[in-house]
2 protein chains.
Amino acid sequence: MKYLEKVYQYIEENREVYIDWLLKASKQPSVSTLNIGMEKMAKMVEQLLEEVDADIEYIETEGYPIVYGEIKNNNEKTLSFYNHYDVQPEDPVDEWDTEPFEPTIIDGRLFGRGTADNKGNLLARVCAVHAYQQVYGKLPVDIKFVFEGEEEVGSPNLMTFAKEHPEKMETDGFLWEGGERASDGGLDVGLGVKGICYVELVARAGNRDLHSSEAPVIENPAWRLVWALNTLKNEQEEILIDGFYDDIIPVTEEEIEFIKNIPVDEETMLKERGLSNFLHNVSGLELKKKLFLDPTCTICGIESGYTDEGSKTVLPSKAMVKIDFRLAAGQSPERVGKLLRKHLDKHGYEDIEIHSLHGIEPHRTNVKDPLVQAAIESAREVYDKEPTTIINSAGSSPMYKLLKKEPENIPGVQIGVANKDSRPHAPNENIYIEDFILGIKMTAAVMDKFSKTKE
Amino acid sequence: MKYLEKVYQYIEENREVYIDWLLKASKQPSVSTLNIGMEKMAKMVEQLLEEVDADIEYIETEGYPIVYGEIKNNNEKTLSFYNHYDVQPEDPVDEWDTEPFEPTIIDGRLFGRGTADNKGNLLARVCAVHAYQQVYGKLPVDIKFVFEGEEEVGSPNLMTFAKEHPEKMETDGFLWEGGERASDGGLDVGLGVKGICYVELVARAGNRDLHSSEAPVIENPAWRLVWALNTLKNEQEEILIDGFYDDIIPVTEEEIEFIKNIPVDEETMLKERGLSNFLHNVSGLELKKKLFLDPTCTICGIESGYTDEGSKTVLPSKAMVKIDFRLAAGQSPERVGKLLRKHLDKHGYEDIEIHSLHGIEPHRTNVKDPLVQAAIESAREVYDKEPTTIINSAGSSPMYKLLKKEPENIPGVQIGVANKDSRPHAPNENIYIEDFILGIKMTAAVMDKFSKTKE
């Protein structure tokens with residue numbers, strides 16, 4: 001029997017124990033937004049880490065504690081796990097088919113709040129360590145658990161943790177929370193995310209809305225905002241802010257190869273959205289490159305004046321637009337914010353206010369990193385299928401809060417137990433029990449294979 | 001004693017009678033939007049016309065009846081009065097200092113719904129005819145009363161009336177409803193109004209809002225609308241629709257002279273609105289020309305996507321803008337609508353929908369018309385002050401519904417009993433009792449002087 005086979009076998013033989021641990025964790029509400037059950041959940045996470053004999057530290061923050069654990073065996077490599085024990089509120093409750101905090105298995109699928117996001121993953125990490133210990137006693141890598149309770153409220157204290165505890169951040173890589181099984185049955189292996197710079201622009205005129213008959217002589221902030229927006233991006237989707245594209249780290253040919261292999265079912269995607277074509281009729285590799293790599297400048301919302309039924313003759317006194325800039329690897333929300341201010345000033349819109357609402361730095365782990373290689377190899381073995389390596393997801397996640405480091409970022413790989421219909425943050429959140437078991441095996445495999453890689 | 005002095009004197013001696021008529025009319029609710037008191041009010045108007053021995057006809061419409069009256073004396077000229085007996089709803093009631101339908105005189109000012117808009121004017125016309133008759137028996141001009149009950153709901157049946165009763169529309173001119181006393185104590189004499197073409201433009205994408213991470217490959221209707229709007233008007237406020245300005249009837253030097261004399265207190269206007277300057281720093285005659293003559297293209301409202309607090313990462317599926325085009329004499333909402341469609345198509349926005357919400361044609365009466373001359377002369381005499389002749393008000397009114405005629409429009413002059421703080425459509429609507437009495441005299445004067453003018 002192969003070395004890892006024994007661990008897989010142990011996991012299979014003890015699946016009911018691990019499923020039970022997951023059921024217990026999913027039964028405990030832990031809604032950070034509403035401060036429901038947070039203390040109990042943190043205690044439960046502590047108990048789980050006791051099961052694997054970790055040295056546990058409760059790191060108090062301004063919000064909920066980070067439950068930190070270490071298992072040191074003088075291994076050459078250290079692997080860290082980042083997960084969170086808080087969940088989204090269960091609203092709207094009446095759209096659930098089961099009770100959100102009464103985890104229920106139906107046809108091999110476990111329904112319950114937090115099963116996919118993120119308790120299934122948190123448990124998969126702990127169970128993998130446990131199984132490995134039961135089979136071999138000693139782990140092949142040193143382990144650091146970083147389990148926070150504030151991910152669903154934006155991880156406001158995570159960066160402070162990283163700064164104040166540099167020794168706890170000494171690691172060779174992180175398995176990141178989240179991640180799904182691809183639709184072909186293989187595993188998605190995520191290496192990066194876009195960043196985000198979300199701003200609100202506001203143009204103002206007088207102290208109140210006026211009658212539109214005064215429009216010939218009174219400035220209209222709605223027009224001003226439209227003209228300003230027009231200077232930001234043209235119809236070819238080129239962002240016209242000086243220097244906007246300068247910091248982008250170009251993708252390598254190798255990375256492009258990975259992007260080629262990401263399955264995108266264009267026809268279904270269009271059909272589901274009620275669309276007849278993609279923007280500028282892109283398709284194939286061009287579409288994938290845009291989706292996973294390109295920065296954007298998106299109007300998420302715009303509002304001014306009278307917007308109800310019928311015709312009201314109003315000259316608005318205020319106009320507002322919400323813009324989401326998605327950032328490619330290399331860009332930063334701070335710098336984009338500064339370039340935007342410069343741009344507006346240069347075009348004569350000094351008066352237009354920029355309110356910064358949300359900033360996340362992009363992150364991308366090098367595909368050549370040993371942790372990536374270990375993850376790809378493990379996924380191939382555990383899922384018996386070529387994984388989909390997503391070098392840069394279209395979405396955003398605050399990976400940088402832990403992984404950003406000078407002179408070089410910490411590698412981070414996102415793998416998880418969710419499926420494409422897991423509905424995180426929504427009613428009927430779920431994972432397949434089988435994906436949970438595979439997730440445990442996958443984590444065990446990564447520990448083993450990572451320990452054997454060479455820099 | 002001069003010829004008209006006797007009429008003025010009679011009015012003074014019987015002022016309590018006329019004030020009493022106005023109080024009764026203002027006490028009767030007649031809210032067309034809510035169908036409150038409309039029948040009783042129409043009856044009351046009929047009774048008023050009986051007081052002046054008019055031949056009365058109740059013209060039934062699809063809505064509320066037009067109470068039509070004629071007094072024929074084989075005079076050379078016919079003068080028509082257009083007024084309306086319906087009023088706006090009294091909401092918000094708790095912002096009134098008096099009961100809206102309990103007309104109350106405080107310090108010479110009559111408070112009550114409909115006093116300014118439009119019962120004060122309707123009564124002023126009837127009382128003037130009455131006084132003239134009492135003094136001289138025969139009137140100097142034939143009179144036609146067109147009193148409708150649907151002005152506050154957009155006069156939907158007024159044009160049909162004009163078309164179906166051409167004989168009732170045979171006249172040498174209309175005294176129009178509305179009109180105020182200028183701030184210097186003289187009378188505003190209104191000769192025209194801008195038209196309006198109010199449209200809603202809608203851009204659509206898929207069947208629902210998407211996550212903004214999809215923005216690199218999915219069309220954003222908010223951006224599309226912004227770019228489309230940008231083609232409509234530039235920052236120099238030039239409307240870029242081909243042919244938009246072509247139909248505008250140029251103003252004459254004589255008309256410019258009238259515009260010069262309209263008092264505009266620029267400093268107060270800016271201060272009240274919390275502004276430091278007018279659009280493009282215009283002032284003086286340039287400001288007045290723009291305000292009273294220029295067509296506009298005004299964003300009255302715009303909306304798309306997420307507009308509440310904070311940052312929601314939405315790619316909207318719909319974007320909407322409400323645009324108010326004010327039209328100069330010669331333009332028409334129909335033609336502007338057509339030019340707009342052509343413009344959007346030409347610029348590649350065939351998919352952007354135009355929903356026409358409201359159309360009013362502009363109207364301008366020639367300053368050389370005998371009725372205008374009679375009105376100016378009368379205002380000078382009755383108010384003992386040079387009147388302000390507004391050849392084209394900045395606002396809009398459906399004058400064209402009665403006055404549009406081929407080959408030449410019917411002259412219309414807008415004079416009334418309101419003041420600059422009359423608050424029509426708002427709580428505490430009011431007129432000065434003295435302005436009501438002057439309004440009766442003014443109407444009598446116009447009848448007399450108009451009869452003596454030559455074409």
# chains A, B, ... in the order shown; residues from 1 in each chain; ligands from 1
>>> interface_residues(of="chain B", to="chain A", cutoff="7 Å", atoms="only C-alpha atoms", output="JSON, numbers by chain")
{"B": [198, 206, 207, 208, 213, 214, 215, 216, 217, 218, 219, 222, 223, 226, 227, 230, 273, 274, 275, 278, 279, 287, 290, 291, 294, 296, 298, 299, 300, 301, 302, 303, 304, 305, 306, 307, 310, 311, 313, 314, 315, 316, 324, 357, 358, 394, 395]}
>>> write_last_selection(atoms="N, CA and C atoms", output="tab-separated table (two decimals), in the first residue's frame")
chain	number	residue	atom	x	y	z
B	198	TYR	N	-40.28	65.38	-22.63
B	198	TYR	CA	-39.73	64.65	-21.48
B	198	TYR	C	-39.70	63.18	-21.81
B	206	GLY	N	-28.74	41.73	-19.61
B	206	GLY	CA	-29.35	40.40	-19.41
B	206	GLY	C	-30.61	40.42	-18.58
B	207	ASN	N	-30.96	39.24	-18.05
B	207	ASN	CA	-32.22	39.09	-17.34
B	207	ASN	C	-32.14	39.42	-15.85
B	208	ARG	N	-30.95	39.75	-15.36
B	208	ARG	CA	-30.82	40.08	-13.94
B	208	ARG	C	-29.47	40.73	-13.68
B	213	SER	N	-17.72	40.88	-10.88
B	213	SER	CA	-16.52	40.18	-11.36
B	213	SER	C	-16.68	39.75	-12.82
B	214	GLU	N	-17.93	39.74	-13.31
B	214	GLU	CA	-18.16	39.34	-14.70
B	214	GLU	C	-18.03	40.51	-15.69
B	215	ALA	N	-17.76	41.68	-15.15
B	215	ALA	CA	-17.72	42.89	-15.98
B	215	ALA	C	-16.75	42.83	-17.17
B	216	PRO	N	-15.64	42.08	-17.09
B	216	PRO	CA	-14.74	42.09	-18.26
B	216	PRO	C	-15.38	41.53	-19.53
B	217	VAL	N	-16.43	40.72	-19.38
B	217	VAL	CA	-16.98	40.07	-20.58
B	217	VAL	C	-18.47	40.30	-20.79
B	218	ILE	N	-19.14	40.99	-19.85
B	218	ILE	CA	-20.59	41.22	-19.98
B	218	ILE	C	-20.84	42.72	-20.10
B	219	GLU	N	-21.68	43.08	-21.04
B	219	GLU	CA	-21.98	44.49	-21.27
B	219	GLU	C	-22.67	45.12	-20.07
B	222	ALA	N	-25.22	50.54	-17.75
B	222	ALA	CA	-24.98	51.86	-17.14
B	222	ALA	C	-23.89	52.61	-17.91
B	223	TRP	N	-22.83	51.88	-18.27
B	223	TRP	CA	-21.79	52.51	-19.08
B	223	TRP	C	-22.35	52.93	-20.44
B	226	VAL	N	-24.23	56.06	-20.14
B	226	VAL	CA	-23.33	57.20	-19.92
B	226	VAL	C	-22.72	57.64	-21.25
B	227	TRP	N	-22.24	56.66	-22.02
B	227	TRP	CA	-21.63	57.01	-23.31
B	227	TRP	C	-22.66	57.61	-24.26
B	230	ASN	N	-23.35	61.15	-23.27
B	230	ASN	CA	-22.23	62.00	-23.63
B	230	ASN	C	-22.30	62.49	-25.08
B	273	ARG	N	-30.03	79.62	-3.55
B	273	ARG	CA	-29.76	78.27	-4.02
B	273	ARG	C	-28.42	77.71	-3.52
B	274	GLY	N	-27.72	78.53	-2.71
B	274	GLY	CA	-26.45	78.07	-2.18
B	274	GLY	C	-25.38	77.91	-3.25
B	275	LEU	N	-25.42	78.79	-4.26
B	275	LEU	CA	-24.47	78.68	-5.37
B	275	LEU	C	-23.55	79.89	-5.40
B	278	PHE	N	-23.39	81.28	-11.68
B	278	PHE	CA	-24.27	80.63	-12.64
B	278	PHE	C	-23.44	79.75	-13.57
B	279	LEU	N	-24.12	78.92	-14.30
B	279	LEU	CA	-23.48	78.02	-15.24
B	279	LEU	C	-22.64	78.83	-16.24
B	287	LEU	N	-27.56	85.92	-19.44
B	287	LEU	CA	-28.28	85.02	-18.53
B	287	LEU	C	-29.77	85.02	-18.85
B	290	LYS	N	-30.59	83.18	-22.07
B	290	LYS	CA	-30.53	81.73	-21.87
B	290	LYS	C	-31.76	81.23	-21.12
B	291	LEU	N	-32.05	81.90	-20.01
B	291	LEU	CA	-33.13	81.45	-19.14
B	291	LEU	C	-34.49	81.46	-19.85
B	294	ASP	N	-33.49	79.81	-24.35
B	294	ASP	CA	-32.73	78.64	-24.81
B	294	ASP	C	-33.44	77.32	-24.55
B	296	THR	N	-33.19	73.32	-23.72
B	296	THR	CA	-32.25	72.61	-22.85
B	296	THR	C	-32.35	71.11	-23.04
B	298	THR	N	-31.83	68.37	-20.14
B	298	THR	CA	-31.54	68.27	-18.71
B	298	THR	C	-31.74	66.84	-18.20
B	299	ILE	N	-30.73	66.30	-17.54
B	299	ILE	CA	-30.92	65.04	-16.83
B	299	ILE	C	-31.69	65.36	-15.56
B	300	CYS	N	-32.94	64.89	-15.50
B	300	CYS	CA	-33.77	65.11	-14.29
B	300	CYS	C	-33.59	63.97	-13.31
B	301	GLY	N	-33.16	62.83	-13.81
B	301	GLY	CA	-32.97	61.68	-12.94
B	301	GLY	C	-32.20	60.60	-13.67
B	302	ILE	N	-31.39	59.88	-12.94
B	302	ILE	CA	-30.67	58.76	-13.54
B	302	ILE	C	-30.55	57.67	-12.48
B	303	GLU	N	-30.67	56.42	-12.90
B	303	GLU	CA	-30.60	55.33	-11.92
B	303	GLU	C	-30.17	54.02	-12.57
B	304	SER	N	-29.28	53.36	-11.86
B	304	SER	CA	-28.89	52.02	-12.28
B	304	SER	C	-28.23	51.32	-11.11
B	305	GLY	N	-28.41	50.01	-11.02
B	305	GLY	CA	-27.69	49.18	-10.06
B	305	GLY	C	-27.95	49.50	-8.61
B	306	TYR	N	-26.88	49.37	-7.83
B	306	TYR	CA	-26.97	49.51	-6.38
B	306	TYR	C	-26.70	50.95	-5.97
B	307	THR	N	-27.63	51.55	-5.22
B	307	THR	CA	-27.47	52.96	-4.90
B	307	THR	C	-27.58	53.24	-3.40
B	310	GLY	N	-22.74	51.98	1.17
B	310	GLY	CA	-21.69	50.97	1.08
B	310	GLY	C	-21.43	50.45	-0.32
B	311	SER	N	-20.66	49.39	-0.36
B	311	SER	CA	-20.17	48.88	-1.65
B	311	SER	C	-20.78	47.53	-1.97
B	313	THR	N	-21.04	44.80	-5.05
B	313	THR	CA	-20.34	44.55	-6.31
B	313	THR	C	-21.31	43.99	-7.34
B	314	VAL	N	-22.02	44.93	-7.95
B	314	VAL	CA	-23.10	44.59	-8.87
B	314	VAL	C	-22.77	45.02	-10.28
B	315	LEU	N	-23.11	44.18	-11.23
B	315	LEU	CA	-23.08	44.56	-12.64
B	315	LEU	C	-24.55	44.72	-13.04
B	316	PRO	N	-25.01	45.95	-13.22
B	316	PRO	CA	-26.45	46.16	-13.41
B	316	PRO	C	-26.94	45.60	-14.75
B	324	ASP	N	-35.33	65.98	-19.66
B	324	ASP	CA	-36.30	67.04	-19.94
B	324	ASP	C	-35.68	67.97	-20.97
B	357	LEU	N	-42.60	60.53	-22.13
B	357	LEU	CA	-43.42	60.64	-20.93
B	357	LEU	C	-44.33	61.86	-20.94
B	358	HIS	N	-43.96	62.88	-21.71
B	358	HIS	CA	-44.67	64.14	-21.56
B	358	HIS	C	-44.26	65.05	-22.70
B	394	ALA	N	-39.60	80.85	-18.64
B	394	ALA	CA	-38.68	79.72	-18.54
B	394	ALA	C	-39.43	78.42	-18.34
B	395	GLY	N	-40.61	78.53	-17.75
B	395	GLY	CA	-41.42	77.34	-17.48
B	395	GLY	C	-42.23	76.92	-18.69
>>> residues_around(residues="range 57-73 of chain A", least_positions_apart="2", cutoff="6 Å", atoms="only C-alpha atoms", output="list in words")
Ala54, Asp55, Asn75, Asp142, Ile143, Lys144, Phe145, Val146, Phe147, Glu148 and Gly149 of chain A
>>> write_last_selection(atoms="N, CA and C atoms", output="short mmCIF file (atom, residue, chain, number, x, y, z; two decimals), in the first residue's frame")
data_model
loop_
_atom_site.label_atom_id
_atom_site.label_comp_id
_atom_site.auth_asym_id
_atom_site.auth_seq_id
_atom_site.Cartn_x
_atom_site.Cartn_y
_atom_site.Cartn_z
N ALA A 54 -2.56 20.43 19.20
CA ALA A 54 -1.89 21.67 18.79
C ALA A 54 -1.62 22.52 20.03
N ASP A 55 -0.55 23.35 19.95
CA ASP A 55 -0.35 24.39 20.97
C ASP A 55 -1.27 25.54 20.59
N ASN A 75 10.05 19.79 11.37
CA ASN A 75 10.07 19.48 9.95
C ASN A 75 10.76 20.59 9.17
N ASP A 142 5.47 20.93 9.58
CA ASP A 142 4.94 21.66 10.74
C ASP A 142 3.66 22.37 10.29
N ILE A 143 2.74 22.52 11.23
CA ILE A 143 1.44 23.08 10.85
C ILE A 143 1.15 24.34 11.69
N LYS A 144 0.59 25.34 11.01
CA LYS A 144 0.09 26.52 11.74
C LYS A 144 -1.36 26.76 11.33
N PHE A 145 -2.22 26.79 12.32
CA PHE A 145 -3.64 27.06 12.06
C PHE A 145 -3.93 28.53 12.35
N VAL A 146 -4.48 29.23 11.39
CA VAL A 146 -4.95 30.62 11.64
C VAL A 146 -6.44 30.62 11.36
N PHE A 147 -7.22 30.51 12.42
CA PHE A 147 -8.67 30.44 12.28
C PHE A 147 -9.30 31.70 12.86
N GLU A 148 -9.78 32.56 11.98
CA GLU A 148 -10.32 33.82 12.49
C GLU A 148 -11.84 33.79 12.54
N GLY A 149 -12.43 34.78 13.19
CA GLY A 149 -13.88 34.84 13.35
C GLY A 149 -14.49 36.08 12.74
#
>>> closest_residue(among="B:His347, B:His363, B:Lys77, B:Arg113", to="Asn428 in chain B", atoms="only C-alpha atoms")
B:Arg113
>>> select_by_dssp(residues="range 275-335 of chain B", states="strand (DSSP E or B)", output="NGL selection string")
:B and (296-305 or 314-315 or 318-327)
>>> write_last_selection(atoms="C-alpha atoms", output="PDB file, in the first residue's frame")
ATOM      1  CA  THR B 296     -32.249  72.610 -22.847  1.00  0.00           C
ATOM      2  CA  CYS B 297     -31.370  68.968 -22.436  1.00  0.00           C
ATOM      3  CA  THR B 298     -31.541  68.267 -18.712  1.00  0.00           C
ATOM      4  CA  ILE B 299     -30.917  65.038 -16.829  1.00  0.00           C
ATOM      5  CA  CYS B 300     -33.769  65.105 -14.292  1.00  0.00           C
ATOM      6  CA  GLY B 301     -32.967  61.681 -12.940  1.00  0.00           C
ATOM      7  CA  ILE B 302     -30.671  58.755 -13.542  1.00  0.00           C
ATOM      8  CA  GLU B 303     -30.601  55.328 -11.920  1.00  0.00           C
ATOM      9  CA  SER B 304     -28.885  52.016 -12.278  1.00  0.00           C
ATOM     10  CA  GLY B 305     -27.687  49.184 -10.060  1.00  0.00           C
ATOM     11  CA  VAL B 314     -23.104  44.590  -8.867  1.00  0.00           C
ATOM     12  CA  LEU B 315     -23.077  44.564 -12.635  1.00  0.00           C
ATOM     13  CA  LYS B 318     -30.715  48.000 -16.572  1.00  0.00           C
ATOM     14  CA  ALA B 319     -29.994  51.707 -16.616  1.00  0.00           C
ATOM     15  CA  MET B 320     -32.495  54.513 -16.897  1.00  0.00           C
ATOM     16  CA  VAL B 321     -32.287  58.251 -17.384  1.00  0.00           C
ATOM     17  CA  LYS B 322     -35.038  60.868 -17.416  1.00  0.00           C
ATOM     18  CA  ILE B 323     -34.386  63.794 -19.721  1.00  0.00           C
ATOM     19  CA  ASP B 324     -36.303  67.035 -19.935  1.00  0.00           C
ATOM     20  CA  PHE B 325     -35.791  68.888 -23.207  1.00  0.00           C
ATOM     21  CA  ARG B 326     -37.174  72.418 -22.874  1.00  0.00           C
ATOM     22  CA  LEU B 327     -38.159  73.644 -26.300  1.00  0.00           C
TER      23      LEU B 327
END
>>> residues_around(residues="Val413 in chain A", least_positions_apart="3", cutoff="9 Å", atoms="only C-alpha atoms", output="VMD selection string")
chain A and resid 173 to 177 189 to 192 365 371 to 372 375
>>> closest_residue(among="B:Leu48, B:Leu402, B:Ile431, B:Ala124", to="Pro166 in chain B", atoms="only C-alpha atoms")
B:Leu402
>>> decode(residues="range 349-412 of chain B", atoms="C-alpha atoms", output="tab-separated table (two decimals), in the first residue's frame")
chain	number	residue	atom	x	y	z
B	349	TYR	CA	-27.45	53.01	-29.67
B	350	GLU	CA	-30.32	51.40	-31.58
B	351	ASP	CA	-31.00	49.25	-28.53
B	352	ILE	CA	-31.56	52.15	-26.16
B	353	GLU	CA	-35.29	52.56	-25.66
B	354	ILE	CA	-36.99	55.95	-25.70
B	355	HIS	CA	-40.13	56.22	-23.62
B	356	SER	CA	-41.97	59.45	-24.23
B	357	LEU	CA	-43.42	60.64	-20.93
B	358	HIS	CA	-44.67	64.14	-21.56
B	359	GLY	CA	-44.90	66.53	-24.47
B	360	ILE	CA	-45.91	70.17	-24.59
B	361	GLU	CA	-45.46	72.43	-27.58
B	362	PRO	CA	-43.95	75.85	-27.02
B	363	HIS	CA	-46.03	78.96	-27.67
B	364	ARG	CA	-45.09	82.55	-28.27
B	365	THR	CA	-47.46	85.42	-29.05
B	366	ASN	CA	-46.19	88.24	-31.25
B	367	VAL	CA	-45.42	91.32	-29.16
B	368	LYS	CA	-47.03	93.45	-31.88
B	369	ASP	CA	-50.39	91.78	-31.48
B	370	PRO	CA	-53.20	94.22	-30.47
B	371	LEU	CA	-54.04	92.07	-27.44
B	372	VAL	CA	-50.46	92.38	-26.20
B	373	GLN	CA	-50.55	96.12	-26.71
B	374	ALA	CA	-53.86	96.35	-24.86
B	375	ALA	CA	-52.50	94.26	-21.98
B	376	ILE	CA	-49.31	96.30	-21.64
B	377	GLU	CA	-51.24	99.58	-21.71
B	378	SER	CA	-53.80	98.29	-19.21
B	379	ALA	CA	-51.14	97.01	-16.83
B	380	ARG	CA	-49.36	100.39	-16.97
B	381	GLU	CA	-52.62	102.14	-16.05
B	382	VAL	CA	-54.02	99.74	-13.44
B	383	TYR	CA	-50.78	98.96	-11.60
B	384	ASP	CA	-49.33	102.43	-12.17
B	385	LYS	CA	-46.02	100.88	-13.09
B	386	GLU	CA	-44.32	99.65	-16.25
B	387	PRO	CA	-45.23	95.96	-16.64
B	388	THR	CA	-42.66	93.22	-17.15
B	389	THR	CA	-43.32	91.65	-20.52
B	390	ILE	CA	-42.12	88.09	-20.51
B	391	ILE	CA	-42.10	87.13	-24.14
B	392	ASN	CA	-41.20	83.59	-23.20
B	393	SER	CA	-41.31	82.22	-19.71
B	394	ALA	CA	-38.68	79.72	-18.54
B	395	GLY	CA	-41.42	77.34	-17.48
B	396	SER	CA	-43.91	75.42	-19.53
B	397	SER	CA	-47.70	75.45	-19.96
B	398	PRO	CA	-50.00	73.72	-22.45
B	399	MET	CA	-51.08	76.99	-24.13
B	400	TYR	CA	-50.72	75.34	-27.52
B	401	LYS	CA	-53.64	73.05	-26.80
B	402	LEU	CA	-56.02	75.93	-27.42
B	403	LEU	CA	-53.84	78.47	-29.17
B	404	LYS	CA	-52.18	76.40	-31.88
B	405	LYS	CA	-53.88	77.13	-35.18
B	406	GLU	CA	-53.04	77.05	-38.88
B	407	PRO	CA	-51.88	79.17	-40.56
B	408	GLU	CA	-51.44	81.40	-37.53
B	409	ASN	CA	-51.64	80.77	-33.81
B	410	ILE	CA	-54.26	82.51	-31.69
B	411	PRO	CA	-52.69	85.27	-29.58
B	412	GLY	CA	-52.57	84.51	-25.87
